[in-house]
Amino acid sequence: MRTIERIYQVLMNNASQKLTTKEVAEEVGLTRGDVSSYLAKLLNQGKISKTGTRPFYWQVKSDDIQFKKMIGYDGSLKDVIKRCQEAILYPPNGMSLLITGPSGVGKSFLARLIFEEAKCQKIIPENAKFIVLNAADYANNPEILSSVLFGYKKGAFTGADQDSLGLVDQADNGYLFLDEVHRLNHESQEKLFSLIDSGKFYPLGENEKAHCVKVRFLFATTERPEKALLKTLLRRIQLQVDLPKYIDRPINERMQIILQSFKNEARTVHRKLEISQKELLNLVQEDLQGNVGSIQNKIKRLTASAFAQNSTENPLIIGEKQENKLEISDNIEETYFDYNVINFVSKIKSTLENIKLYLEESKSVEEQNLMINDNLNECFKLMPNTSGNELKELFDKNISFRYGVKISDKEVDWQKCSKIAEIIVSIYDQIDDKNANLFDVLRVKYPRSLYLFNQFIKCILPNGKIKDYACVLFFPLFGSLIPKLESIKYNAILLAHGRQTATSIQSVVNSLCCNYVFEAFDMPINSSIEQINNKVQQYLDQQGKNTVGTIVLFDMGSLNQMFTEIKAISNQQLLVINNITTAMALDVGIRILQKQKFNEIAEASTKYGQTTGAQYYQGFSNQKNIIVACMSGDGVSREIKQIMDKTLSGHLKVITIDYKKLCSILDQQDRLFFSNTEFVLTTTDIKNKIPIEIVDIYDVLDKNGALHLTTLLEKSGEKLEQIKSMIEQFIRFFSIAGIRKRLQILNPDIVIEEVQSITKRYEKYYNVELDEKTKLNLYTHISLMIERMVLAKRSSNDQVNVEPISAKEEEFFVVSKNIFRSVENKYNISIEDYEISLIYQLLSSNI
């Protein structure tokens, strides 16, 4: 196949889409530049259209002018028409096409439309011929059939007085349509596949000079091709389409066929026609052997009978005279179908009203289901009996697989559900979307069931757009599942980056739980917290207000930020867990099924492992607490916590956090983080902009400081005796003896002597005398800092660069580097700028 033909084929295979030059190039494996030049040639040939500007969009050019005459061309026959277009457009000479289907379904009519469409698109010449041969006419005379088809030479048989061109020659540059092709004998079939292969054939009696022709072939048969045709011929027929029986067509298409036939008869008799609803209902339910042809004949007989009874009457009455009737004029230009003629619209409207009434009266789902079936029973009778397997497969694929909800054939009538789906699709644009109240009532009563139903119906309705009235499908399909679906009292959500990460976990967990526990959202890798938050908000907006709480599991990101963002859009209890795994989601799912309390699930989530974090309250804790953050390191904070836990009552939770993190949170001025915090205990004076009490633990060494801390603790419910015991241990801890005990590897006597020397150098340089509390604070901090540096507990990745913000601070950095140089050399360490900045905080008020 030539390159330009390959490119055209790509566009043909995507006839319903517009492709960019880049997309076409990727498909054929060429550069954009090369493909662009071929596309320009196809555009000049009028075979494709171009739209847009940088990027340009390319599409096969086709208006389907002739195919629009075929009822169902954009409905049930959409794929059939697409194949016919491919047969016409495929370069260089199209493709042979076999049309199958029972008698009277429109095979010959479709073949004629293919020919007319090929002329409209200038694929074949304007004067090309459409030659038709019904092989059944010659079934008993195969020799005559061969001569008719391929022609003959003079003297080829008795009576052959002169050369005669066959139908193949007559169809040169046009189309040859062979109807009932299965009636061809094997010899004729063999000649046909040879002709299709080579474009050459020999007329009867000709052995020397072959005829060369350029013919496009269309075939039709009522039989199964694999049984009726030679395999060699079948292999030469590249495309096959099947036309359905009349009764298997959608009801709106059957009605259009009926109306089109009546319109033709109205023109024939030059009368208006008035058809009763009963007659229309009879015709739309007919299952005649001759299909569309028999329906047309019956309509002709009905019209003829009415005309014979009163040829002057206008309009002619067909059927019983009644109010519900359809009038057809003899000058109607387009087929028009008012669905109210068969009461579909009115039936749906009355059903919606009844549903609303039943909901207000709190009638059971079973009663609602029976009402819907009774209301729509007349509509069901008009529709073909189908197995409903397609709808069931759609449910299994889109709902059962992902949401773990399984439903047996005994629990749902898939056949009726399929009919309801067809009704909704048929009248989709005929009903205004004015049932918001009904939708709201359903959402209040059955939020989870309605949500799941919506996910399913998106697969059924045009463009996935759900109109409120479509809720009529909800009850017969999900009625038996409602109690199970509504038993889940949590909104559980999985969020993960990647194409199928979240939905993969969701599918496994929901399937093992056998219920819709989790919804999942797969997020692009570059999704912002705002985009993720919007997804969660949209989901929560569709859920009921009576749920116990919301649980969100996500793969990566800030636990605190995620909690804060989601908490802002939800007034329910919230639990967020990061670094999700399938096992973790399954554990949460099982606990939800077991109807565990929110706090039980939240507490369990804190024990999933060191890499997993969980947050289920605003701030540092969901109970009254004291925050401890020491600049000298986490070790000091932990030891202070141990003293407090050992001496106090325990009703106050003591929480240790990193000093830098505390400063960062205070800078954010987020008071909510300290909503349950009584006060913050630290080792320096921190300036904060929110009303939270901050106590310097070294103040307890003074009488006033000890009294202040005692007052705070007594207000929090602690007893004086316990507070005194705690302060005594603090004093012991923050002493030279306390420092000695906390040094693990360095010689306490040497280190403390060096620290005292460093302190004196600061006093000498700045000409100050530090108080005992400041000295002790400095001794503690520098001693532990040196040992921490020696033990290399702070990795290089954790280092913080600090730039002096004032001349005074810049001077302090220079002085400090000189003061610590001997210590750095002795212990082979490097004092970081961050550590110097902490020392500056300790001394700034004194220098």
# chains A, B, ... in the order shown; residues from 1 in each chain; ligands from 1
$ residues_around --residues "Ala583 in chain A" --least-positions-apart "2" --cutoff "12 Å" --atoms "only C-alpha atoms" --output "number ranges by chain"
A: 505-506, 508-509, 512, 553, 579-581, 585-590, 605, 608-609
$ write_last_selection --atoms "N, CA, C and O atoms" --output "tab-separated table (two decimals), in the first residue's frame"
chain	number	residue	atom	x	y	z
A	505	ILE	N	-6.69	-0.28	43.62
A	505	ILE	CA	-6.89	-0.62	45.04
A	505	ILE	C	-8.37	-0.70	45.35
A	505	ILE	O	-8.84	-1.60	46.05
A	506	GLN	N	-9.13	0.27	44.82
A	506	GLN	CA	-10.58	0.30	45.04
A	506	GLN	C	-11.24	-0.99	44.59
A	506	GLN	O	-12.07	-1.57	45.30
A	508	VAL	N	-10.00	-4.00	44.21
A	508	VAL	CA	-9.65	-5.14	45.06
A	508	VAL	C	-10.40	-5.08	46.38
A	508	VAL	O	-11.03	-6.06	46.82
A	509	VAL	N	-10.36	-3.91	47.03
A	509	VAL	CA	-10.94	-3.78	48.37
A	509	VAL	C	-12.46	-3.92	48.32
A	509	VAL	O	-13.06	-4.66	49.11
A	512	LEU	N	-13.46	-7.53	47.72
A	512	LEU	CA	-13.30	-8.37	48.91
A	512	LEU	C	-14.34	-8.03	49.97
A	512	LEU	O	-14.77	-8.90	50.73
A	553	LEU	N	-7.89	8.26	52.16
A	553	LEU	CA	-6.57	7.62	52.09
A	553	LEU	C	-5.88	8.12	50.83
A	553	LEU	O	-6.46	8.07	49.75
A	579	ASN	N	0.31	7.56	52.47
A	579	ASN	CA	1.11	6.39	52.07
A	579	ASN	C	0.28	5.10	52.08
A	579	ASN	O	0.65	4.09	52.69
A	580	ILE	N	-0.85	5.15	51.36
A	580	ILE	CA	-1.78	4.01	51.39
A	580	ILE	C	-1.21	2.76	50.75
A	580	ILE	O	-0.38	2.82	49.86
A	581	THR	N	-1.70	1.63	51.22
A	581	THR	CA	-1.44	0.33	50.61
A	581	THR	C	-2.79	-0.38	50.49
A	581	THR	O	-3.77	0.00	51.13
A	585	ALA	N	-6.05	-0.15	53.09
A	585	ALA	CA	-7.41	0.19	52.65
A	585	ALA	C	-8.39	-0.93	53.00
A	585	ALA	O	-9.52	-0.68	53.41
A	586	LEU	N	-7.92	-2.19	52.88
A	586	LEU	CA	-8.79	-3.32	53.21
A	586	LEU	C	-9.13	-3.33	54.70
A	586	LEU	O	-10.27	-3.60	55.08
A	587	ASP	N	-8.14	-3.02	55.53
A	587	ASP	CA	-8.40	-2.98	56.98
A	587	ASP	C	-9.44	-1.91	57.31
A	587	ASP	O	-10.36	-2.16	58.09
A	588	VAL	N	-9.30	-0.74	56.70
A	588	VAL	CA	-10.29	0.34	56.92
A	588	VAL	C	-11.66	-0.11	56.42
A	588	VAL	O	-12.68	0.10	57.09
A	589	GLY	N	-11.68	-0.73	55.25
A	589	GLY	CA	-12.94	-1.19	54.67
A	589	GLY	C	-13.67	-2.19	55.56
A	589	GLY	O	-14.88	-2.09	55.76
A	590	ILE	N	-12.92	-3.14	56.11
A	590	ILE	CA	-13.53	-4.15	56.99
A	590	ILE	C	-14.08	-3.49	58.25
A	590	ILE	O	-15.17	-3.83	58.73
A	605	SER	N	-5.81	3.41	62.76
A	605	SER	CA	-5.03	3.90	61.61
A	605	SER	C	-3.68	4.45	62.02
A	605	SER	O	-2.78	4.57	61.20
A	608	TYR	N	-0.52	1.72	61.64
A	608	TYR	CA	-0.26	0.98	60.40
A	608	TYR	C	1.22	0.84	60.08
A	608	TYR	O	1.61	0.01	59.29
A	609	GLY	N	2.07	1.68	60.67
A	609	GLY	CA	3.50	1.55	60.42
A	609	GLY	C	4.18	2.90	60.48
A	609	GLY	O	3.55	3.96	60.50
$ residues_around --residues "Cys120 in chain A" --least-positions-apart "2" --cutoff "12 Å" --atoms "only C-alpha atoms" --output "ChimeraX atom specification"
/A:46-47,61-67,88-89,113-118,122-128
$ residues_around --residues "range 515-521 of chain A" --least-positions-apart "6" --cutoff "10 Å" --atoms "only C-alpha atoms" --output "PyMOL selection string"
chain A and resi 399-400+402-406+448-449+452+481+484-507+509+532+535-536+539+551-554+585-586+588-590+592-593
$ residues_around --residues "Glu714 in chain A" --least-positions-apart "3" --cutoff "12 Å" --atoms "only C-alpha atoms" --output "PyMOL selection string"
chain A and resi 648-649+652+678+707-711+717-724
$ write_last_selection --atoms "N, CA and C atoms" --output "PDB file, in the first residue's frame"
ATOM      1  N   LEU A 648       2.738  14.096  86.762  1.00  0.00           N
ATOM      2  CA  LEU A 648       1.396  14.670  86.666  1.00  0.00           C
ATOM      3  C   LEU A 648       0.329  13.583  86.551  1.00  0.00           C
ATOM      4  N   SER A 649      -0.943  13.989  86.549  1.00  0.00           N
ATOM      5  CA  SER A 649      -2.067  13.033  86.611  1.00  0.00           C
ATOM      6  C   SER A 649      -2.251  12.239  85.331  1.00  0.00           C
ATOM      7  N   LEU A 652      -3.693  15.455  80.984  1.00  0.00           N
ATOM      8  CA  LEU A 652      -3.141  16.351  79.968  1.00  0.00           C
ATOM      9  C   LEU A 652      -2.142  15.568  79.125  1.00  0.00           C
ATOM     10  N   GLU A 678      -3.043  23.796  76.204  1.00  0.00           N
ATOM     11  CA  GLU A 678      -3.085  24.641  77.395  1.00  0.00           C
ATOM     12  C   GLU A 678      -1.949  25.671  77.373  1.00  0.00           C
ATOM     13  N   LEU A 707       6.072  29.781  90.146  1.00  0.00           N
ATOM     14  CA  LEU A 707       4.709  30.099  90.551  1.00  0.00           C
ATOM     15  C   LEU A 707       3.780  30.213  89.342  1.00  0.00           C
ATOM     16  N   HIS A 708       4.293  30.825  88.254  1.00  0.00           N
ATOM     17  CA  HIS A 708       3.483  30.985  87.035  1.00  0.00           C
ATOM     18  C   HIS A 708       3.118  29.621  86.438  1.00  0.00           C
ATOM     19  N   LEU A 709       4.105  28.705  86.352  1.00  0.00           N
ATOM     20  CA  LEU A 709       3.854  27.375  85.809  1.00  0.00           C
ATOM     21  C   LEU A 709       2.878  26.615  86.704  1.00  0.00           C
ATOM     22  N   THR A 710       3.036  26.779  88.043  1.00  0.00           N
ATOM     23  CA  THR A 710       2.121  26.114  88.982  1.00  0.00           C
ATOM     24  C   THR A 710       0.692  26.581  88.769  1.00  0.00           C
ATOM     25  N   THR A 711       0.505  27.885  88.567  1.00  0.00           N
ATOM     26  CA  THR A 711      -0.834  28.442  88.356  1.00  0.00           C
ATOM     27  C   THR A 711      -1.473  27.869  87.084  1.00  0.00           C
ATOM     28  N   GLY A 717      -6.253  21.554  86.145  1.00  0.00           N
ATOM     29  CA  GLY A 717      -6.763  20.447  86.940  1.00  0.00           C
ATOM     30  C   GLY A 717      -5.718  19.630  87.643  1.00  0.00           C
ATOM     31  N   GLU A 718      -4.449  20.025  87.567  1.00  0.00           N
ATOM     32  CA  GLU A 718      -3.388  19.272  88.237  1.00  0.00           C
ATOM     33  C   GLU A 718      -3.319  19.655  89.732  1.00  0.00           C
ATOM     34  N   LYS A 719      -2.889  18.714  90.563  1.00  0.00           N
ATOM     35  CA  LYS A 719      -2.794  18.951  92.014  1.00  0.00           C
ATOM     36  C   LYS A 719      -1.450  19.570  92.376  1.00  0.00           C
ATOM     37  N   LEU A 720      -1.466  20.408  93.402  1.00  0.00           N
ATOM     38  CA  LEU A 720      -0.271  21.158  93.789  1.00  0.00           C
ATOM     39  C   LEU A 720       0.889  20.240  94.144  1.00  0.00           C
ATOM     40  N   GLU A 721       0.598  19.163  94.883  1.00  0.00           N
ATOM     41  CA  GLU A 721       1.660  18.245  95.311  1.00  0.00           C
ATOM     42  C   GLU A 721       2.389  17.652  94.108  1.00  0.00           C
ATOM     43  N   GLN A 722       1.638  17.260  93.083  1.00  0.00           N
ATOM     44  CA  GLN A 722       2.249  16.678  91.871  1.00  0.00           C
ATOM     45  C   GLN A 722       3.067  17.725  91.116  1.00  0.00           C
ATOM     46  N   ILE A 723       2.561  18.967  91.092  1.00  0.00           N
ATOM     47  CA  ILE A 723       3.266  20.042  90.386  1.00  0.00           C
ATOM     48  C   ILE A 723       4.605  20.320  91.067  1.00  0.00           C
ATOM     49  N   LYS A 724       4.613  20.358  92.397  1.00  0.00           N
ATOM     50  CA  LYS A 724       5.856  20.607  93.130  1.00  0.00           C
ATOM     51  C   LYS A 724       6.896  19.519  92.844  1.00  0.00           C
TER      52      LYS A 724
END
$ select_by_dssp --residues "range 613-751 of chain A" --states "strand (DSSP E or B)" --output "ChimeraX atom specification"
/A:614-615,625-629,653-656,677-682,694-696
$ closest_residue --among "A:Gln238, A:Gln573, A:Ser294, A:Asn173" --to "Phe193 in chain A" --atoms "only C-alpha atoms"
A:Gln238
$ residues_around --residues "range 264-266 of chain A" --least-positions-apart "5" --cutoff "8 Å" --atoms "only C-alpha atoms" --output "PyMOL selection string"
chain A and resi 271-273+299-300+303+328-330
$ closest_residue --among "A:Gly650, A:Pro91, A:Gly613, A:Gly549" --to "Leu42 in chain A" --atoms "only C-alpha atoms"
A:Pro91
$ residues_around --residues "Ser418 in chain A" --least-positions-apart "4" --cutoff "12 Å" --atoms "only C-alpha atoms" --output "list in words"
Pro250, Phe380, Met383, Pro384, Asn385, Thr386, Ser387, Gly388, Asn389, Glu390, Leu391, Lys392, Glu393, Leu394, Phe395, Val412, Asp413, Trp414, Glu422, Ile423, Ile424, Val425, Ile457, Ile460, Leu473, Pro476 and Leu477 of chain A
$ closest_residue --among "A:Ile640, A:Leu229, A:Ile81, A:Val695" --to "Glu187 in chain A" --atoms "only C-alpha atoms"
A:Leu229
$ atom_distance --atom1 "CA of Gly94 in chain A" --atom2 "CA of Asn185 in chain A"
25.5 Å
$ residues_around --residues "range 216-222 of chain A" --least-positions-apart "6" --cutoff "8 Å" --atoms "only C-alpha atoms" --output "PyMOL selection string"
chain A and resi 93-103+107-108+111+173-182
$ atom_distance --atom1 "CA of Ser558 in chain A" --atom2 "CA of Thr611 in chain A"
12.8 Å
$ select_by_dssp --residues "range 690-772 of chain A" --states "helix (DSSP H, G or I)" --output "JSON, numbers by chain"
{"A": [697, 698, 699, 700, 701, 703, 704, 705, 706, 707, 708, 709, 710, 711, 712, 713, 714, 715, 720, 721, 722, 723, 724, 725, 726, 727, 728, 729, 730, 731, 732, 733, 736, 737, 738, 739, 740, 741, 742, 748, 749, 750, 751, 752, 753, 754, 755, 756, 757, 758, 759, 760, 761, 762, 763, 764, 765, 766, 772]}
